[in-house]
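Asks: Dropping in my_file.cif, with mmCIF, N, CA and C atoms.
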data_coords
#
loop_
_atom_site.label_atom_id
_atom_site.label_comp_id
_atom_site.auth_asym_id
_atom_site.auth_seq_id
_atom_site.Cartn_x
_atom_site.Cartn_y
_atom_site.Cartn_z
N MET A 1 -28.47 17.41 0.94
CA MET A 1 -27.23 16.78 1.36
C MET A 1 -27.52 15.38 1.84
N ARG A 2 -26.78 14.41 1.29
CA ARG A 2 -26.99 13.03 1.67
C ARG A 2 -26.01 12.62 2.77
N ASP A 3 -26.50 11.82 3.71
CA ASP A 3 -25.64 11.33 4.77
C ASP A 3 -25.21 9.89 4.54
N ASP A 4 -25.86 9.20 3.61
CA ASP A 4 -25.51 7.80 3.39
C ASP A 4 -24.28 7.69 2.49
N PRO A 5 -23.54 6.57 2.61
CA PRO A 5 -22.31 6.40 1.83
C PRO A 5 -22.55 5.78 0.46
N THR A 6 -23.69 6.05 -0.15
CA THR A 6 -24.01 5.49 -1.45
C THR A 6 -22.99 5.97 -2.48
N PRO A 7 -22.37 5.03 -3.21
CA PRO A 7 -21.39 5.45 -4.21
C PRO A 7 -22.02 6.28 -5.31
N ASP A 8 -21.25 7.17 -5.85
CA ASP A 8 -21.69 7.98 -6.97
C ASP A 8 -21.92 7.07 -8.18
N PRO A 9 -23.11 7.08 -8.76
CA PRO A 9 -23.36 6.19 -9.89
C PRO A 9 -22.59 6.59 -11.15
N HIS A 10 -22.07 7.81 -11.17
CA HIS A 10 -21.29 8.31 -12.31
C HIS A 10 -19.98 8.91 -11.78
N PRO A 11 -19.05 8.04 -11.36
CA PRO A 11 -17.81 8.58 -10.78
C PRO A 11 -16.97 9.31 -11.80
N ASP A 12 -16.24 10.26 -11.32
CA ASP A 12 -15.34 11.04 -12.16
C ASP A 12 -14.10 10.20 -12.49
N PRO A 13 -13.88 9.88 -13.76
CA PRO A 13 -12.71 9.06 -14.13
C PRO A 13 -11.39 9.67 -13.69
N GLU A 14 -11.31 10.99 -13.71
CA GLU A 14 -10.07 11.64 -13.29
C GLU A 14 -9.83 11.45 -11.79
N ARG A 15 -10.90 11.47 -11.00
CA ARG A 15 -10.78 11.25 -9.56
C ARG A 15 -10.32 9.82 -9.29
N LEU A 16 -10.90 8.86 -10.01
CA LEU A 16 -10.49 7.46 -9.86
C LEU A 16 -9.02 7.29 -10.22
N ALA A 17 -8.61 7.88 -11.32
CA ALA A 17 -7.22 7.77 -11.77
C ALA A 17 -6.27 8.44 -10.79
N ALA A 18 -6.66 9.58 -10.26
CA ALA A 18 -5.82 10.30 -9.30
C ALA A 18 -5.65 9.50 -8.01
N HIS A 19 -6.73 8.89 -7.56
CA HIS A 19 -6.65 8.10 -6.33
C HIS A 19 -5.76 6.87 -6.56
N ALA A 20 -5.93 6.22 -7.70
CA ALA A 20 -5.09 5.06 -8.02
C ALA A 20 -3.62 5.48 -8.12
N ALA A 21 -3.37 6.62 -8.71
CA ALA A 21 -1.99 7.12 -8.84
C ALA A 21 -1.40 7.40 -7.46
N ALA A 22 -2.20 7.93 -6.55
CA ALA A 22 -1.71 8.20 -5.19
C ALA A 22 -1.38 6.89 -4.47
N ILE A 23 -2.23 5.88 -4.65
CA ILE A 23 -1.96 4.56 -4.05
C ILE A 23 -0.67 3.99 -4.63
N ARG A 24 -0.53 4.05 -5.94
CA ARG A 24 0.66 3.49 -6.59
C ARG A 24 1.93 4.24 -6.14
N ALA A 25 1.86 5.54 -6.01
CA ALA A 25 3.03 6.32 -5.58
C ALA A 25 3.41 5.98 -4.15
N ALA A 26 2.43 5.88 -3.27
CA ALA A 26 2.71 5.53 -1.88
C ALA A 26 3.26 4.11 -1.77
N ALA A 27 2.74 3.20 -2.57
CA ALA A 27 3.24 1.82 -2.58
C ALA A 27 4.67 1.77 -3.10
N ALA A 28 4.98 2.57 -4.11
CA ALA A 28 6.34 2.62 -4.66
C ALA A 28 7.32 3.16 -3.62
N GLU A 29 6.91 4.19 -2.88
CA GLU A 29 7.76 4.72 -1.81
C GLU A 29 8.02 3.64 -0.76
N LEU A 30 6.97 2.95 -0.37
CA LEU A 30 7.12 1.88 0.62
C LEU A 30 8.05 0.78 0.09
N LEU A 31 7.86 0.37 -1.14
CA LEU A 31 8.68 -0.68 -1.73
C LEU A 31 10.15 -0.26 -1.77
N THR A 32 10.42 0.98 -2.10
CA THR A 32 11.80 1.48 -2.10
C THR A 32 12.41 1.37 -0.72
N ARG A 33 11.65 1.77 0.29
CA ARG A 33 12.15 1.69 1.67
C ARG A 33 12.40 0.24 2.09
N VAL A 34 11.51 -0.66 1.66
CA VAL A 34 11.67 -2.07 2.01
C VAL A 34 12.90 -2.66 1.32
N HIS A 35 13.11 -2.32 0.05
CA HIS A 35 14.32 -2.79 -0.64
C HIS A 35 15.58 -2.23 0.02
N ASP A 36 15.54 -0.96 0.40
CA ASP A 36 16.70 -0.36 1.07
C ASP A 36 17.01 -1.10 2.38
N TRP A 37 15.97 -1.42 3.12
CA TRP A 37 16.14 -2.14 4.38
C TRP A 37 16.68 -3.54 4.12
N ARG A 38 16.13 -4.21 3.10
CA ARG A 38 16.56 -5.58 2.77
C ARG A 38 18.03 -5.62 2.38
N ASN A 39 18.52 -4.54 1.79
CA ASN A 39 19.91 -4.49 1.35
C ASN A 39 20.84 -3.82 2.36
N SER A 40 20.33 -3.55 3.56
CA SER A 40 21.13 -2.87 4.58
C SER A 40 21.65 -3.87 5.61
N PRO A 41 22.59 -3.44 6.44
CA PRO A 41 23.09 -4.31 7.50
C PRO A 41 22.03 -4.58 8.59
N HIS A 42 20.94 -3.83 8.57
CA HIS A 42 19.87 -4.01 9.57
C HIS A 42 18.99 -5.22 9.27
N TRP A 43 19.07 -5.74 8.06
CA TRP A 43 18.28 -6.91 7.66
C TRP A 43 18.75 -8.12 8.48
N GLN A 44 17.80 -8.82 9.11
CA GLN A 44 18.17 -9.96 9.95
C GLN A 44 17.70 -11.30 9.38
N ASP A 45 16.96 -11.30 8.32
CA ASP A 45 16.52 -12.52 7.64
C ASP A 45 15.74 -13.46 8.56
N THR A 46 14.94 -12.90 9.45
CA THR A 46 14.08 -13.72 10.31
C THR A 46 12.83 -14.11 9.52
N PRO A 47 12.10 -15.10 9.98
CA PRO A 47 10.85 -15.45 9.30
C PRO A 47 9.88 -14.27 9.21
N THR A 48 9.82 -13.46 10.25
CA THR A 48 8.94 -12.28 10.22
C THR A 48 9.40 -11.29 9.17
N ASP A 49 10.70 -11.03 9.14
CA ASP A 49 11.24 -10.10 8.14
C ASP A 49 11.01 -10.63 6.73
N GLN A 50 11.23 -11.92 6.53
CA GLN A 50 11.00 -12.52 5.22
C GLN A 50 9.53 -12.39 4.81
N HIS A 51 8.63 -12.62 5.76
CA HIS A 51 7.19 -12.51 5.46
C HIS A 51 6.82 -11.07 5.08
N ARG A 52 7.30 -10.12 5.84
CA ARG A 52 7.02 -8.72 5.55
C ARG A 52 7.55 -8.33 4.17
N TYR A 53 8.76 -8.76 3.90
CA TYR A 53 9.38 -8.44 2.61
C TYR A 53 8.59 -9.06 1.46
N ARG A 54 8.30 -10.35 1.55
CA ARG A 54 7.58 -11.05 0.47
C ARG A 54 6.18 -10.48 0.29
N THR A 55 5.49 -10.18 1.39
CA THR A 55 4.15 -9.61 1.29
C THR A 55 4.19 -8.29 0.52
N THR A 56 5.16 -7.46 0.85
CA THR A 56 5.29 -6.15 0.20
C THR A 56 5.64 -6.29 -1.27
N VAL A 57 6.65 -7.09 -1.56
CA VAL A 57 7.09 -7.25 -2.95
C VAL A 57 5.98 -7.87 -3.80
N ASP A 58 5.34 -8.91 -3.28
CA ASP A 58 4.28 -9.58 -4.05
C ASP A 58 3.08 -8.66 -4.28
N ALA A 59 2.65 -7.95 -3.26
CA ALA A 59 1.49 -7.05 -3.42
C ALA A 59 1.80 -5.92 -4.40
N CYS A 60 3.01 -5.38 -4.33
CA CYS A 60 3.39 -4.30 -5.26
C CYS A 60 3.46 -4.82 -6.70
N ALA A 61 3.92 -6.04 -6.88
CA ALA A 61 3.95 -6.62 -8.22
C ALA A 61 2.53 -6.82 -8.75
N GLN A 62 1.63 -7.29 -7.88
CA GLN A 62 0.23 -7.45 -8.28
C GLN A 62 -0.38 -6.10 -8.61
N LEU A 63 -0.07 -5.10 -7.81
CA LEU A 63 -0.58 -3.75 -8.05
C LEU A 63 -0.12 -3.22 -9.41
N ASP A 64 1.14 -3.45 -9.73
CA ASP A 64 1.67 -2.99 -11.01
C ASP A 64 0.97 -3.64 -12.20
N ALA A 65 0.46 -4.85 -12.00
CA ALA A 65 -0.19 -5.58 -13.08
C ALA A 65 -1.64 -5.13 -13.31
N LEU A 66 -2.21 -4.39 -12.38
CA LEU A 66 -3.60 -3.95 -12.53
C LEU A 66 -3.70 -2.72 -13.42
N PRO A 67 -4.73 -2.66 -14.26
CA PRO A 67 -4.91 -1.48 -15.11
C PRO A 67 -5.42 -0.29 -14.29
N ASP A 68 -5.30 0.88 -14.86
CA ASP A 68 -5.87 2.05 -14.21
C ASP A 68 -7.37 1.87 -14.12
N PRO A 69 -7.97 2.30 -13.01
CA PRO A 69 -9.40 2.05 -12.82
C PRO A 69 -10.28 2.98 -13.65
N THR A 70 -11.38 2.43 -14.08
CA THR A 70 -12.41 3.23 -14.75
C THR A 70 -13.72 3.15 -13.98
N THR A 71 -13.74 2.31 -12.94
CA THR A 71 -14.94 2.16 -12.11
C THR A 71 -14.51 2.14 -10.65
N PRO A 72 -15.45 2.46 -9.76
CA PRO A 72 -15.14 2.35 -8.33
C PRO A 72 -14.75 0.92 -7.92
N ALA A 73 -15.34 -0.08 -8.55
CA ALA A 73 -15.00 -1.46 -8.22
C ALA A 73 -13.54 -1.77 -8.57
N GLN A 74 -13.06 -1.23 -9.67
CA GLN A 74 -11.66 -1.43 -10.04
C GLN A 74 -10.73 -0.71 -9.07
N LEU A 75 -11.12 0.46 -8.62
CA LEU A 75 -10.33 1.18 -7.63
C LEU A 75 -10.32 0.40 -6.32
N ALA A 76 -11.45 -0.15 -5.94
CA ALA A 76 -11.51 -0.96 -4.73
C ALA A 76 -10.61 -2.19 -4.85
N SER A 77 -10.51 -2.75 -6.03
CA SER A 77 -9.63 -3.90 -6.26
C SER A 77 -8.17 -3.50 -6.08
N ILE A 78 -7.82 -2.32 -6.55
CA ILE A 78 -6.46 -1.81 -6.35
C ILE A 78 -6.18 -1.67 -4.86
N ALA A 79 -7.12 -1.09 -4.13
CA ALA A 79 -6.95 -0.93 -2.69
C ALA A 79 -6.83 -2.28 -1.99
N ALA A 80 -7.66 -3.23 -2.37
CA ALA A 80 -7.64 -4.55 -1.74
C ALA A 80 -6.32 -5.28 -2.03
N THR A 81 -5.76 -5.04 -3.18
CA THR A 81 -4.50 -5.69 -3.56
C THR A 81 -3.36 -5.23 -2.66
N ILE A 82 -3.34 -3.97 -2.32
CA ILE A 82 -2.21 -3.43 -1.54
C ILE A 82 -2.50 -3.43 -0.03
N GLN A 83 -3.72 -3.63 0.38
CA GLN A 83 -4.10 -3.60 1.80
C GLN A 83 -3.26 -4.53 2.68
N PRO A 84 -2.92 -5.75 2.26
CA PRO A 84 -2.11 -6.61 3.15
C PRO A 84 -0.78 -5.99 3.55
N VAL A 85 -0.24 -5.15 2.71
CA VAL A 85 1.02 -4.50 3.03
C VAL A 85 0.85 -3.57 4.23
N CYS A 86 -0.26 -2.90 4.28
CA CYS A 86 -0.51 -1.96 5.38
C CYS A 86 -0.60 -2.69 6.72
N ALA A 87 -1.02 -3.94 6.68
CA ALA A 87 -1.23 -4.70 7.91
C ALA A 87 0.05 -5.33 8.47
N VAL A 88 1.07 -5.54 7.63
CA VAL A 88 2.25 -6.26 8.12
C VAL A 88 3.31 -5.37 8.76
N TRP A 89 3.22 -4.08 8.55
CA TRP A 89 4.25 -3.20 9.10
C TRP A 89 3.78 -2.55 10.38
N LEU A 90 4.30 -3.03 11.49
CA LEU A 90 3.96 -2.51 12.81
C LEU A 90 5.14 -1.71 13.34
N PRO A 91 4.87 -0.70 14.16
CA PRO A 91 5.97 0.13 14.67
C PRO A 91 6.71 -0.57 15.81
N SER A 92 7.13 -1.80 15.58
CA SER A 92 7.68 -2.61 16.65
C SER A 92 9.18 -2.44 16.86
N ARG A 93 9.86 -1.91 15.87
CA ARG A 93 11.31 -1.84 15.97
C ARG A 93 11.82 -0.47 15.54
N PRO A 94 12.94 -0.06 16.11
CA PRO A 94 13.53 1.22 15.69
C PRO A 94 14.29 1.05 14.38
N GLY A 95 14.88 2.12 13.94
CA GLY A 95 15.72 2.07 12.75
C GLY A 95 14.92 2.10 11.47
N PRO A 96 15.41 1.41 10.45
CA PRO A 96 14.78 1.47 9.12
C PRO A 96 13.32 1.02 9.13
N GLN A 97 12.98 0.12 10.03
CA GLN A 97 11.60 -0.35 10.05
C GLN A 97 10.62 0.74 10.49
N GLN A 98 11.08 1.72 11.24
CA GLN A 98 10.21 2.84 11.60
C GLN A 98 9.85 3.65 10.35
N ALA A 99 10.83 3.87 9.48
CA ALA A 99 10.57 4.59 8.23
C ALA A 99 9.62 3.79 7.33
N ILE A 100 9.79 2.47 7.33
CA ILE A 100 8.88 1.63 6.54
C ILE A 100 7.48 1.71 7.12
N HIS A 101 7.37 1.64 8.43
CA HIS A 101 6.06 1.74 9.06
C HIS A 101 5.40 3.08 8.73
N ALA A 102 6.15 4.16 8.77
CA ALA A 102 5.60 5.48 8.43
C ALA A 102 5.08 5.50 7.00
N ALA A 103 5.84 4.89 6.09
CA ALA A 103 5.39 4.82 4.69
C ALA A 103 4.14 3.95 4.57
N ALA A 104 4.08 2.87 5.34
CA ALA A 104 2.89 2.00 5.33
C ALA A 104 1.68 2.73 5.89
N GLU A 105 1.89 3.56 6.88
CA GLU A 105 0.79 4.36 7.44
C GLU A 105 0.26 5.35 6.41
N ARG A 106 1.16 6.00 5.68
CA ARG A 106 0.73 6.93 4.64
C ARG A 106 -0.07 6.18 3.58
N LEU A 107 0.40 5.00 3.19
CA LEU A 107 -0.32 4.19 2.22
C LEU A 107 -1.70 3.80 2.75
N ALA A 108 -1.78 3.41 4.01
CA ALA A 108 -3.06 3.02 4.60
C ALA A 108 -4.06 4.17 4.60
N VAL A 109 -3.58 5.37 4.85
CA VAL A 109 -4.46 6.54 4.84
C VAL A 109 -5.02 6.77 3.43
N ILE A 110 -4.16 6.66 2.44
CA ILE A 110 -4.61 6.84 1.05
C ILE A 110 -5.59 5.74 0.66
N VAL A 111 -5.25 4.50 0.97
CA VAL A 111 -6.12 3.38 0.64
C VAL A 111 -7.47 3.52 1.35
N GLY A 112 -7.44 3.96 2.59
CA GLY A 112 -8.66 4.05 3.38
C GLY A 112 -9.48 5.30 3.19
N SER A 113 -9.03 6.20 2.34
CA SER A 113 -9.79 7.43 2.14
C SER A 113 -11.15 7.13 1.53
N ASN A 114 -12.08 8.00 1.74
CA ASN A 114 -13.45 7.75 1.28
C ASN A 114 -13.66 8.01 -0.20
N ASP A 115 -12.59 8.18 -0.95
CA ASP A 115 -12.74 8.37 -2.40
C ASP A 115 -13.02 7.07 -3.13
N ILE A 116 -12.86 5.94 -2.44
CA ILE A 116 -13.15 4.67 -3.08
C ILE A 116 -14.64 4.43 -3.00
N GLY A 117 -15.25 4.36 -4.16
CA GLY A 117 -16.70 4.24 -4.26
C GLY A 117 -17.15 2.93 -3.77
#
Reformat the file's structure so that it appears as structure tokens.
Replies:
Amino acid sequence: MRDDPTPDPHPDPERLAAHAAAIRAAAAELLTRVHDWRNSPHWQDTPTDQHRYRTTVDACAQLDALPDPTTPAQLASIAATIQPVCAVWLPSRPGPQQAIHAAAERLAVIVGSNDIG
């Protein structure tokens, strides 16, 4: 049994694809919540809200443009692309932003899992 975090030199392509699919699904859920919030009466159009919205939309668009991974490095690139979204959603406000934060937390857990080689 190894204790070091050395990546598997022969990663399972199905595992890589499944992890990428989980990241993409969690990002899509988050994006849906962000669009719902943006189109709701709770949207205040502050600079912070605009930044959070643009960060999420832009990162999700970049994520959609990436191919499915065949290597751990490609999976890490997928994770790095969506990581900024996880950082901008803080549990600072009640209402719709709490649901967005919860979705961002779920995404962060998936992105941060040790399946990324």
Asks: Using only N, CA and C atoms, can you tell me which of A:Leu16, A:Ala103, A:Ala26, A:Val85 comes closest to Arg52 (chain A)?
Replies: A:Val85
Asks: What is the distance between CA of Trp37 (chain A) and atom N of Gln50 (chain A), in Å to one decimal?
Replies: 11.2 Å
Asks: Can you write out as CSV which residues of region 22-64 of chain A fall within 6.5 Å of region 71-84 of chain A, alongside each residue's closest atom pair and its distance in Å to one decimal, counting all atoms listed in the file and ordering rows by chain and ascending residue number?
Replies:
residue,atom,partner,partner_atom,distance
A:Thr55,C,A:Pro84,C,6.3
A:Ala59,CA,A:Thr81,C,5.2
A:Cys60,N,A:Ile82,CA,6.2
A:Leu63,N,A:Thr81,C,6.1
Asks: From the list A:Val109, A:Ser40, A:Ala102, A:Asp68, which residue is nearest Ala20 (chain A) when using only N, CA and C atoms?
Replies: A:Asp68
Asks: If we count all atoms listed in the file and set the cut-off at 8 Å, which residues sit around Leu90 (chain A), ignoring sequence neighbours fewer than 5 positions away in its own chain? Please answer as a PyMOL selection string.
Replies: chain A and resi 97-98+100-102
Asks: Expressed in Å to a single decimal, how great is the separation between CA of Thr32 (chain A) and atom N of Pro13 (chain A)?
Replies: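 That distance, rounded to one decimal, is 29.4 Å.
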Asks: Mind pulling up the distance from atom C of Leu30 (chain A) to atom N of Pro96 (chain A)?
Replies: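 According to the coordinates, atom N of Pro96 (chain A) and atom C of Leu30 (chain A) are separated by 12.7 Å.
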Asks: Of the candidates A:Ala87, A:Asp12, A:Asp64, A:Asp45, which one gets nearest to Ala25 (chain A) if we count only C-alpha atoms?
Replies: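 Counting only C-alpha atoms, the residue closest to Ala25 (chain A) is A:Asp64.
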Asks: Let me make sure I understand: among A:Gly95, A:Gln44, A:Pro67, A:Ala61, which one has the smallest atom-to-atom distance to Ala17 (chain A) if we use only C-alpha atoms?
Replies: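 Smallest distance to Ala17 (chain A) is found for A:Pro67.
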Asks: Run DSSP on the backbone and give me the residues of region 5-55 of chain A it puts in helix (DSSP H, G or I), as a count of residues only.
Replies: 35
Asks: Can you pull out every residue within 8 Å of Cys86 (chain A), counting only C-alpha atoms, but drop anything in the same chain fewer than 4 positions away, and send it as a PyMOL selection string?
Replies: chain A and resi 82+104-105+107-108
Asks: All heavy atoms are needed for region 103-114 of chain A; please write them out as a PDB file, in the frame of the given file.
Replies:
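File part-v8.pdb, as written:
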ATOM      1  N   ALA A 103       5.840   4.890   6.090  1.00  0.00           N
ATOM      2  CA  ALA A 103       5.390   4.820   4.690  1.00  0.00           C
ATOM      3  C   ALA A 103       4.140   3.950   4.570  1.00  0.00           C
ATOM      4  O   ALA A 103       3.221   4.264   3.801  1.00  0.00           O
ATOM      5  CB  ALA A 103       6.507   4.280   3.801  1.00  0.00           C
ATOM      6  N   ALA A 104       4.080   2.870   5.340  1.00  0.00           N
ATOM      7  CA  ALA A 104       2.890   2.000   5.330  1.00  0.00           C
ATOM      8  C   ALA A 104       1.680   2.730   5.890  1.00  0.00           C
ATOM      9  O   ALA A 104       0.557   2.572   5.394  1.00  0.00           O
ATOM     10  CB  ALA A 104       3.151   0.719   6.123  1.00  0.00           C
ATOM     11  N   GLU A 105       1.890   3.560   6.880  1.00  0.00           N
ATOM     12  CA  GLU A 105       0.790   4.360   7.440  1.00  0.00           C
ATOM     13  C   GLU A 105       0.260   5.350   6.410  1.00  0.00           C
ATOM     14  O   GLU A 105      -0.944   5.538   6.285  1.00  0.00           O
ATOM     15  CB  GLU A 105       1.259   5.101   8.704  1.00  0.00           C
ATOM     16  CG  GLU A 105       1.351   4.215   9.917  1.00  0.00           C
ATOM     17  CD  GLU A 105      -0.011   3.758  10.393  1.00  0.00           C
ATOM     18  OE1 GLU A 105      -0.878   4.609  10.650  1.00  0.00           O
ATOM     19  OE2 GLU A 105      -0.206   2.537  10.495  1.00  0.00           O
ATOM     20  N   ARG A 106       1.160   6.000   5.680  1.00  0.00           N
ATOM     21  CA  ARG A 106       0.730   6.930   4.640  1.00  0.00           C
ATOM     22  C   ARG A 106      -0.070   6.180   3.580  1.00  0.00           C
ATOM     23  O   ARG A 106      -1.117   6.666   3.112  1.00  0.00           O
ATOM     24  CB  ARG A 106       1.929   7.636   4.012  1.00  0.00           C
ATOM     25  CG  ARG A 106       2.531   8.708   4.894  1.00  0.00           C
ATOM     26  CD  ARG A 106       3.582   9.541   4.171  1.00  0.00           C
ATOM     27  NE  ARG A 106       4.779   8.794   3.849  1.00  0.00           N
ATOM     28  CZ  ARG A 106       5.789   8.560   4.688  1.00  0.00           C
ATOM     29  NH1 ARG A 106       5.735   9.022   5.917  1.00  0.00           N
ATOM     30  NH2 ARG A 106       6.847   7.877   4.289  1.00  0.00           N
ATOM     31  N   LEU A 107       0.400   5.000   3.190  1.00  0.00           N
ATOM     32  CA  LEU A 107      -0.320   4.190   2.220  1.00  0.00           C
ATOM     33  C   LEU A 107      -1.700   3.800   2.750  1.00  0.00           C
ATOM     34  O   LEU A 107      -2.693   3.902   2.039  1.00  0.00           O
ATOM     35  CB  LEU A 107       0.491   2.939   1.881  1.00  0.00           C
ATOM     36  CG  LEU A 107      -0.156   1.940   0.931  1.00  0.00           C
ATOM     37  CD1 LEU A 107      -0.473   2.581  -0.418  1.00  0.00           C
ATOM     38  CD2 LEU A 107       0.758   0.734   0.750  1.00  0.00           C
ATOM     39  N   ALA A 108      -1.780   3.410   4.010  1.00  0.00           N
ATOM     40  CA  ALA A 108      -3.060   3.020   4.600  1.00  0.00           C
ATOM     41  C   ALA A 108      -4.060   4.170   4.600  1.00  0.00           C
ATOM     42  O   ALA A 108      -5.251   3.971   4.349  1.00  0.00           O
ATOM     43  CB  ALA A 108      -2.850   2.501   6.023  1.00  0.00           C
ATOM     44  N   VAL A 109      -3.580   5.370   4.850  1.00  0.00           N
ATOM     45  CA  VAL A 109      -4.460   6.540   4.840  1.00  0.00           C
ATOM     46  C   VAL A 109      -5.020   6.770   3.430  1.00  0.00           C
ATOM     47  O   VAL A 109      -6.218   7.020   3.255  1.00  0.00           O
ATOM     48  CB  VAL A 109      -3.712   7.801   5.352  1.00  0.00           C
ATOM     49  CG1 VAL A 109      -4.490   9.069   5.055  1.00  0.00           C
ATOM     50  CG2 VAL A 109      -3.446   7.666   6.835  1.00  0.00           C
ATOM     51  N   ILE A 110      -4.160   6.660   2.440  1.00  0.00           N
ATOM     52  CA  ILE A 110      -4.610   6.840   1.050  1.00  0.00           C
ATOM     53  C   ILE A 110      -5.590   5.740   0.660  1.00  0.00           C
ATOM     54  O   ILE A 110      -6.651   6.012   0.087  1.00  0.00           O
ATOM     55  CB  ILE A 110      -3.405   6.894   0.095  1.00  0.00           C
ATOM     56  CG1 ILE A 110      -2.586   8.150   0.359  1.00  0.00           C
ATOM     57  CG2 ILE A 110      -3.875   6.872  -1.357  1.00  0.00           C
ATOM     58  CD1 ILE A 110      -1.225   8.139  -0.303  1.00  0.00           C
ATOM     59  N   VAL A 111      -5.250   4.500   0.970  1.00  0.00           N
ATOM     60  CA  VAL A 111      -6.120   3.380   0.640  1.00  0.00           C
ATOM     61  C   VAL A 111      -7.470   3.520   1.350  1.00  0.00           C
ATOM     62  O   VAL A 111      -8.517   3.250   0.778  1.00  0.00           O
ATOM     63  CB  VAL A 111      -5.456   2.027   1.007  1.00  0.00           C
ATOM     64  CG1 VAL A 111      -6.445   0.885   0.959  1.00  0.00           C
ATOM     65  CG2 VAL A 111      -4.291   1.757   0.077  1.00  0.00           C
ATOM     66  N   GLY A 112      -7.440   3.960   2.590  1.00  0.00           N
ATOM     67  CA  GLY A 112      -8.660   4.050   3.380  1.00  0.00           C
ATOM     68  C   GLY A 112      -9.480   5.300   3.190  1.00  0.00           C
ATOM     69  O   GLY A 112     -10.543   5.454   3.795  1.00  0.00           O
ATOM     70  N   SER A 113      -9.030   6.200   2.340  1.00  0.00           N
ATOM     71  CA  SER A 113      -9.790   7.430   2.140  1.00  0.00           C
ATOM     72  C   SER A 113     -11.150   7.130   1.530  1.00  0.00           C
ATOM     73  O   SER A 113     -11.335   6.109   0.860  1.00  0.00           O
ATOM     74  CB  SER A 113      -9.014   8.430   1.300  1.00  0.00           C
ATOM     75  OG  SER A 113      -9.057   8.057  -0.057  1.00  0.00           O
ATOM     76  N   ASN A 114     -12.080   8.000   1.740  1.00  0.00           N
ATOM     77  CA  ASN A 114     -13.450   7.750   1.280  1.00  0.00           C
ATOM     78  C   ASN A 114     -13.660   8.010  -0.200  1.00  0.00           C
ATOM     79  O   ASN A 114     -14.782   8.032  -0.661  1.00  0.00           O
ATOM     80  CB  ASN A 114     -14.435   8.578   2.113  1.00  0.00           C
ATOM     81  CG  ASN A 114     -14.214  10.068   1.929  1.00  0.00           C
ATOM     82  OD1 ASN A 114     -13.393  10.500   1.149  1.00  0.00           O
ATOM     83  ND2 ASN A 114     -14.960  10.849   2.681  1.00  0.00           N
TER      84      ASN A 114
END
